[in-house]
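The structure file protein-v4.cif is reproduced below (mmCIF, C-alpha atoms and all ligand atoms).
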data_structure
#
loop_
_atom_site.group_PDB
_atom_site.id
_atom_site.type_symbol
_atom_site.label_atom_id
_atom_site.label_comp_id
_atom_site.auth_asym_id
_atom_site.auth_seq_id
_atom_site.Cartn_x
_atom_site.Cartn_y
_atom_site.Cartn_z
ATOM 1 C CA MET A 74 111.794 295.994 152.275
ATOM 2 C CA GLY A 75 111.792 298.047 155.434
ATOM 3 C CA ASN A 76 114.242 297.613 158.260
ATOM 4 C CA THR A 77 111.641 297.599 161.009
ATOM 5 C CA LYS A 78 111.363 293.805 161.075
ATOM 6 C CA SER A 79 113.100 292.619 164.230
ATOM 7 C CA ILE A 80 113.695 289.040 163.085
ATOM 8 C CA VAL A 81 114.784 288.160 159.586
ATOM 9 C CA PHE A 82 114.669 284.787 157.869
ATOM 10 C CA PRO A 83 117.576 283.092 156.133
ATOM 11 C CA GLY A 84 117.378 284.261 152.532
ATOM 12 C CA ASP A 85 115.813 287.633 153.316
ATOM 13 C CA VAL A 86 117.330 290.596 151.501
ATOM 14 C CA ILE A 87 118.380 292.992 154.260
ATOM 15 C CA ALA A 88 120.206 295.677 152.258
ATOM 16 C CA LYS A 89 121.732 296.556 148.931
ATOM 17 C CA GLU A 90 125.455 296.241 148.322
ATOM 18 C CA GLU A 91 125.789 299.995 147.766
ATOM 19 C CA GLU A 92 124.261 300.719 151.188
ATOM 20 C CA TYR A 93 126.233 298.368 153.440
ATOM 21 C CA LEU A 94 129.076 295.883 153.474
ATOM 22 C CA SER A 95 128.175 292.283 154.138
ATOM 23 C CA GLY A 96 128.954 291.468 157.796
ATOM 24 C CA ARG A 97 128.534 288.476 160.104
ATOM 25 C CA ASN A 98 125.886 285.901 159.085
ATOM 26 C CA THR A 99 125.196 287.590 155.760
ATOM 27 C CA GLN A 100 126.168 287.006 152.151
ATOM 28 C CA ASP A 101 126.488 289.357 149.210
ATOM 29 C CA ILE A 102 124.601 287.801 146.299
ATOM 30 C CA ASN A 103 124.241 289.781 143.066
ATOM 31 C CA GLY A 104 124.304 293.114 144.837
ATOM 32 C CA ASN A 105 121.883 292.096 147.591
ATOM 33 C CA ILE A 106 122.980 291.483 151.164
ATOM 34 C CA ILE A 107 121.189 288.325 152.285
ATOM 35 C CA ALA A 108 120.692 286.987 155.816
ATOM 36 C CA THR A 109 122.065 283.443 156.208
ATOM 37 C CA VAL A 110 120.552 282.790 159.658
ATOM 38 C CA PHE A 111 117.551 283.745 161.780
ATOM 39 C CA GLY A 112 118.313 286.766 163.878
ATOM 40 C CA LYS A 113 118.234 290.489 164.396
ATOM 41 C CA VAL A 114 119.577 292.982 161.887
ATOM 42 C CA GLU A 115 122.486 294.987 163.261
ATOM 43 C CA LYS A 116 123.846 297.992 161.429
ATOM 44 C CA ASP A 117 127.239 299.488 162.105
ATOM 45 C CA GLU A 118 126.829 303.007 160.713
ATOM 46 C CA LYS A 119 130.496 303.868 161.308
ATOM 47 C CA ASN A 120 131.904 301.043 159.213
ATOM 48 C CA LEU A 121 128.734 300.743 157.084
ATOM 49 C CA THR A 122 128.486 297.042 157.843
ATOM 50 C CA ILE A 123 125.278 295.085 158.235
ATOM 51 C CA SER A 124 125.191 291.840 160.248
ATOM 52 C CA ILE A 125 122.743 289.419 161.786
ATOM 53 C CA LYS A 126 122.972 288.936 165.518
ATOM 54 C CA THR A 127 122.026 285.508 166.844
ATOM 55 C CA GLN A 128 121.654 284.020 170.283
ATOM 56 C CA GLU A 129 124.347 281.490 171.117
ATOM 57 C CA ASN A 130 122.775 279.567 174.003
ATOM 58 C CA ALA A 131 122.445 275.826 173.643
ATOM 59 C CA ILE A 132 118.873 274.996 172.768
ATOM 60 C CA ARG A 133 117.169 271.706 173.461
ATOM 61 C CA PRO A 134 114.103 271.232 171.272
ATOM 62 C CA LYS A 135 111.086 269.603 172.878
ATOM 63 C CA LYS A 136 107.759 268.178 171.743
ATOM 64 C CA GLY A 137 105.288 270.914 170.830
ATOM 65 C CA ASP A 138 107.944 273.494 169.928
ATOM 66 C CA ILE A 139 107.376 275.542 166.789
ATOM 67 C CA VAL A 140 110.298 275.513 164.395
ATOM 68 C CA TYR A 141 111.233 277.194 161.143
ATOM 69 C CA GLY A 142 113.237 275.604 158.380
ATOM 70 C CA LYS A 143 113.792 274.800 154.760
ATOM 71 C CA ILE A 144 112.768 271.682 152.843
ATOM 72 C CA ILE A 145 116.028 270.258 151.520
ATOM 73 C CA ARG A 146 114.965 266.925 150.027
ATOM 74 C CA VAL A 147 112.377 264.180 149.996
ATOM 75 C CA ILE A 148 113.324 260.623 150.932
ATOM 76 C CA ASN A 149 110.644 257.985 150.369
ATOM 77 C CA LYS A 150 107.572 259.637 151.904
ATOM 78 C CA ASP A 151 109.448 261.941 154.283
ATOM 79 C CA ALA A 152 110.373 265.540 153.584
ATOM 80 C CA ILE A 153 113.685 266.478 155.198
ATOM 81 C CA VAL A 154 113.706 269.885 156.851
ATOM 82 C CA SER A 155 116.838 271.792 157.713
ATOM 83 C CA ILE A 156 115.622 273.550 160.859
ATOM 84 C CA SER A 157 117.315 276.875 161.494
ATOM 85 C CA GLY A 158 114.996 278.530 163.989
ATOM 86 C CA ILE A 159 113.042 277.509 167.056
ATOM 87 C CA TYR A 160 110.408 279.655 168.729
ATOM 88 C CA MET A 161 111.176 280.283 172.399
ATOM 89 C CA ASN A 162 110.013 282.964 174.823
ATOM 90 C CA GLY A 163 108.622 285.178 172.093
ATOM 91 C CA LYS A 164 111.706 284.940 169.906
ATOM 92 C CA ILE A 165 113.089 282.738 167.176
ATOM 93 C CA MET A 166 116.359 281.270 168.353
ATOM 94 C CA PRO A 167 118.820 279.965 165.792
ATOM 95 C CA VAL A 168 119.456 276.220 165.734
ATOM 96 C CA ASN A 169 120.950 273.836 163.238
ATOM 97 C CA ILE A 170 119.081 270.534 163.303
ATOM 98 C CA GLU A 171 117.391 268.254 160.827
ATOM 99 C CA GLY A 172 113.834 267.009 161.074
ATOM 100 C CA ARG A 173 111.381 265.051 158.979
ATOM 101 C CA ILE A 174 107.794 265.518 157.891
ATOM 102 C CA LYS A 175 105.720 262.430 157.116
ATOM 103 C CA LEU A 176 103.954 263.195 153.859
ATOM 104 C CA PRO A 177 100.462 261.781 153.316
ATOM 105 C CA ILE A 178 101.257 260.486 149.843
ATOM 106 C CA THR A 179 100.972 257.113 148.166
ATOM 107 C CA ASN A 180 103.536 257.731 145.424
ATOM 108 C CA LYS A 181 106.919 259.046 146.602
ATOM 109 C CA ASN A 182 107.236 261.450 143.670
ATOM 110 C CA MET A 183 103.839 263.075 144.161
ATOM 111 C CA TYR A 184 104.524 265.642 146.862
ATOM 112 C CA SER A 185 104.705 268.996 145.089
ATOM 113 C CA HIS A 186 101.094 269.875 145.976
ATOM 114 C CA ILE A 187 102.176 269.771 149.655
ATOM 115 C CA ILE A 188 105.772 271.059 149.694
ATOM 116 C CA THR A 189 108.601 271.600 147.223
ATOM 117 C CA ILE A 190 112.369 271.594 147.720
ATOM 118 C CA GLY A 191 113.508 275.008 148.947
ATOM 119 C CA ASP A 192 110.222 275.938 150.642
ATOM 120 C CA LEU A 193 110.435 277.708 153.983
ATOM 121 C CA VAL A 194 108.081 276.105 156.515
ATOM 122 C CA ARG A 195 106.732 276.646 160.021
ATOM 123 C CA ALA A 196 106.305 273.282 161.727
ATOM 124 C CA LYS A 197 105.650 271.748 165.117
ATOM 125 C CA ILE A 198 107.799 269.090 166.765
ATOM 126 C CA ILE A 199 105.820 265.878 167.329
ATOM 127 C CA ASN A 200 108.671 263.486 168.124
ATOM 128 C CA ILE A 201 112.236 264.039 169.336
ATOM 129 C CA ARG A 202 114.169 260.843 168.527
ATOM 130 C CA PRO A 203 114.049 260.726 165.564
ATOM 131 C CA LEU A 204 113.000 264.323 165.117
ATOM 132 C CA TYR A 205 109.643 264.515 163.378
ATOM 133 C CA VAL A 206 107.633 267.659 162.783
ATOM 134 C CA THR A 207 104.195 268.285 161.320
ATOM 135 C CA ILE A 208 102.888 271.033 159.055
ATOM 136 C CA PHE A 209 99.302 269.792 159.017
ATOM 137 C CA ASN A 210 97.644 272.416 161.209
ATOM 138 C CA PRO A 211 96.132 275.660 159.880
ATOM 139 C CA GLU A 212 98.875 277.856 161.379
ATOM 140 C CA LEU A 213 101.616 275.514 160.159
ATOM 141 C CA GLY A 214 102.936 274.879 156.676
ATOM 142 C CA VAL A 215 104.780 276.591 153.894
ATOM 143 C CA ILE A 216 105.504 280.288 154.514
ATOM 144 C CA LYS A 217 107.589 280.904 151.380
ATOM 145 C CA THR A 218 107.585 279.007 148.105
ATOM 146 C CA LYS A 219 108.523 279.524 144.485
ATOM 147 C CA CYS A 220 106.881 278.783 141.145
ATOM 148 C CA LEU A 221 107.776 275.302 139.859
ATOM 149 C CA ILE A 222 108.294 276.709 136.357
ATOM 150 C CA CYS A 223 109.977 280.120 136.684
ATOM 151 C CA ARG A 224 111.057 280.077 140.385
ATOM 152 C CA LYS A 225 109.417 283.411 141.158
ATOM 153 C CA GLU A 226 108.116 283.652 144.741
ATOM 154 C CA LEU A 227 104.406 282.868 144.799
ATOM 155 C CA ILE A 228 101.903 285.310 146.237
ATOM 156 C CA ILE A 229 98.354 284.865 147.515
ATOM 157 C CA LYS A 230 95.701 285.930 145.054
ATOM 158 C CA GLU A 231 92.037 285.143 145.664
ATOM 159 C CA ASN A 232 93.081 282.748 148.446
ATOM 160 C CA LYS A 233 95.297 280.734 146.122
ATOM 161 C CA LEU A 234 99.039 280.611 145.486
ATOM 162 C CA TYR A 235 99.707 282.498 142.292
ATOM 163 C CA CYS A 236 102.704 283.220 140.054
ATOM 164 C CA THR A 237 102.470 286.743 138.662
ATOM 165 C CA ASN A 238 105.002 285.790 135.996
ATOM 166 C CA CYS A 239 103.361 282.636 134.599
ATOM 167 C CA GLN A 240 99.847 283.792 135.590
ATOM 168 C CA ARG A 241 98.942 280.424 137.007
ATOM 169 C CA ASN A 242 98.067 278.879 140.361
ATOM 170 C CA GLU A 243 99.934 276.257 142.355
ATOM 171 C CA THR A 244 99.052 274.348 145.502
ATOM 172 C CA ARG A 245 101.007 273.715 148.708
ATOM 173 C CA LYS A 246 100.065 273.098 152.325
ATOM 174 C CA ILE A 247 100.546 276.727 153.293
ATOM 175 C CA ALA A 248 100.339 278.344 156.724
ATOM 176 C CA ASN A 249 97.238 280.504 157.131
ATOM 177 C CA ASP A 250 99.358 283.670 157.337
ATOM 178 C CA TYR A 251 101.276 283.018 154.099
ATOM 179 C CA GLY A 252 102.101 286.354 152.491
ATOM 180 C CA ASP A 253 101.862 288.179 155.824
ATOM 181 C CA ILE A 254 103.998 286.079 158.119
ATOM 182 C CA LYS A 255 103.641 286.591 161.833
ATOM 183 C CA ILE A 256 106.205 285.113 164.129
ATOM 184 C CA TYR A 257 104.693 283.035 166.890
ATOM 185 C CA GLY A 258 105.039 279.846 168.795
ATOM 186 C CA ASP A 259 102.556 277.338 170.015
ATOM 187 C CA ALA A 260 98.948 278.036 169.090
ATOM 188 C CA ASN A 261 97.933 277.431 172.721
ATOM 189 C CA GLU A 262 100.064 280.331 173.919
ATOM 190 C CA ARG A 263 98.202 282.890 171.849
HETATM 191 ZN ZN ZN B 301 106.121 281.246 137.372
#

What does the file become when written as structure tokens?
Amino acid sequence: MGNTKSIVFPGDVIAKEEEYLSGRNTQDINGNIIATVFGKVEKDEKNLTISIKTQENAIRPKKGDIVYGKIIRVINKDAIVSISGIYMNGKIMPVNIEGRIKLPITNKNMYSHIITIGDLVRAKIINIRPLYVTIFNPELGVIKTKCLICRKELIIKENKLYCTNCQRNETRKIANDYGDIKIYGDANER
């Protein structure tokens, strides 16, 4: 991947081990330097260290805010999202909060056509206490997901999620820019 992206997601590969040493907010996993937080890539060419710079201001989420996070589990008919980024003033600011998504399902085990554990989602806050978010708008939903069988990241092929490894389709509630993610906040601001 290129290094022109200003904001990286947790889990993004930002460099190879032979290029840079793993710095602040990164991890070295199997030779890849991975971002562990939302933020800006910072390279120290003198010490050959790569880090992720975050903003440390206290952030108070409010109704209508767009957030980014990872699905960590499903309890009853709620998906639990570990929220690590919140869109504010044109930027994604790092946060560390937990929210829930009410899933429109009748059987608590039948959710994998909407989200799966580990998916990265863009969601909108609809309630603060307790924190509930929704993904059921066209611009909201899953922005990264993996094949249920082989765990390869799914791509968009003929408008469907597709695993190039297993050569089969899967379904999720994806954001309309899946595969070409644009960072933005509330739809009304655009
Ligand atoms: Zn697969």

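If you apply the PyMOL selection byres (((chain A and resi 224) around 12) and not hetatm) to this structure, you end up with Thr189, Ile190, Gly191, Asp192, Lys217, Thr218, Lys219, Cys220, Leu221, Ile222, Cys223, Lys225, Glu226, Leu227, Tyr235, Cys236, Thr237, Asn238, Cys239 and Glu243 of chain A.
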
Given the PyMOL selection byres (((chain A and resi 177) around 12) and not hetatm), the residues it picks as a list in words: Asn149, Lys150, Asp151, Ala152, Ile174, Lys175, Leu176, Ile178, Thr179, Asn180, Lys181, Asn182, Met183, Tyr184, Ser185, His186, Ile187, Ile188, Thr207, Ile208, Phe209 and Lys246 of chain A

Atom pair CA of Gly158 (chain A) / CA of Asn103 (chain A): separation (Å): 25.5 Å

The PyMOL selection byres (((chain A and resi 92-98) around 7) and not hetatm) applied to the shown file, residues as a list in words: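 Evaluating the PyMOL selection byres (((chain A and resi 92-98) around 7) and not hetatm) on this file yields Ala88, Lys89, Glu90, Glu91, Thr99, Gln100, Asp101, Ile106, Ala108, Thr109, Val110, Leu121, Thr122, Ile123, Ser124 and Ile125 of chain A.
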
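Counting all atoms listed in the file, Ile247 (chain A) has the following residues at most 7 Å away, ignoring those fewer than 5 positions along the same chain: Gly214, Val215 and Ile216 of chain A.
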
Would you fill the gaps in region 93-117 of chain A so it has N, CA and C atoms, then print it as a tab-separated table (two decimals), in the frame of the given file?
chain	number	residue	atom	x	y	z
A	93	TYR	N	125.44	298.95	152.35
A	93	TYR	CA	126.23	298.37	153.44
A	93	TYR	C	127.18	297.30	152.93
A	94	LEU	N	128.21	297.02	153.73
A	94	LEU	CA	129.08	295.88	153.47
A	94	LEU	C	128.47	294.67	154.17
A	95	SER	N	128.69	293.52	153.58
A	95	SER	CA	128.18	292.28	154.14
A	95	SER	C	128.97	291.90	155.38
A	96	GLY	N	128.29	291.82	156.54
A	96	GLY	CA	128.95	291.47	157.80
A	96	GLY	C	128.65	290.04	158.22
A	97	ARG	N	128.74	289.80	159.53
A	97	ARG	CA	128.53	288.48	160.10
A	97	ARG	C	127.16	287.89	159.75
A	98	ASN	N	127.12	286.62	159.39
A	98	ASN	CA	125.89	285.90	159.08
A	98	ASN	C	125.10	286.48	157.91
A	99	THR	N	125.84	287.09	156.98
A	99	THR	CA	125.20	287.59	155.76
A	99	THR	C	126.06	287.19	154.57
A	100	GLN	N	125.46	287.32	153.40
A	100	GLN	CA	126.17	287.01	152.15
A	100	GLN	C	125.81	288.07	151.14
A	101	ASP	N	126.75	288.40	150.28
A	101	ASP	CA	126.49	289.36	149.21
A	101	ASP	C	126.21	288.56	147.93
A	102	ILE	N	124.96	288.57	147.50
A	102	ILE	CA	124.60	287.80	146.30
A	102	ILE	C	124.01	288.75	145.26
A	103	ASN	N	124.69	288.91	144.18
A	103	ASN	CA	124.24	289.78	143.07
A	103	ASN	C	123.82	291.17	143.53
A	104	GLY	N	124.60	291.75	144.41
A	104	GLY	CA	124.30	293.11	144.84
A	104	GLY	C	123.34	293.23	146.00
A	105	ASN	N	122.77	292.09	146.42
A	105	ASN	CA	121.88	292.10	147.59
A	105	ASN	C	122.59	291.46	148.78
A	106	ILE	N	122.46	292.09	149.94
A	106	ILE	CA	122.98	291.48	151.16
A	106	ILE	C	121.86	290.61	151.73
A	107	ILE	N	122.18	289.33	151.90
A	107	ILE	CA	121.19	288.32	152.28
A	107	ILE	C	121.53	287.80	153.67
A	108	ALA	N	120.49	287.62	154.51
A	108	ALA	CA	120.69	286.99	155.82
A	108	ALA	C	120.90	285.50	155.61
A	109	THR	N	121.85	284.89	156.33
A	109	THR	CA	122.06	283.44	156.21
A	109	THR	C	121.52	282.69	157.42
A	110	VAL	N	121.08	283.42	158.44
A	110	VAL	CA	120.55	282.79	159.66
A	110	VAL	C	119.33	283.58	160.14
A	111	PHE	N	118.60	283.01	161.08
A	111	PHE	CA	117.55	283.74	161.78
A	111	PHE	C	118.22	284.70	162.76
A	112	GLY	N	117.74	285.88	162.88
A	112	GLY	CA	118.31	286.77	163.88
A	112	GLY	C	117.88	288.20	163.68
A	113	LYS	N	118.54	289.07	164.40
A	113	LYS	CA	118.23	290.49	164.40
A	113	LYS	C	119.21	291.23	163.51
A	114	VAL	N	118.71	292.18	162.74
A	114	VAL	CA	119.58	292.98	161.89
A	114	VAL	C	120.34	293.97	162.76
A	115	GLU	N	121.64	294.03	162.55
A	115	GLU	CA	122.49	294.99	163.26
A	115	GLU	C	123.27	295.81	162.26
A	116	LYS	N	123.14	297.13	162.36
A	116	LYS	CA	123.85	297.99	161.43
A	116	LYS	C	124.95	298.74	162.16
A	117	ASP	N	126.13	298.71	161.58
A	117	ASP	CA	127.24	299.49	162.10
A	117	ASP	C	127.40	300.69	161.17
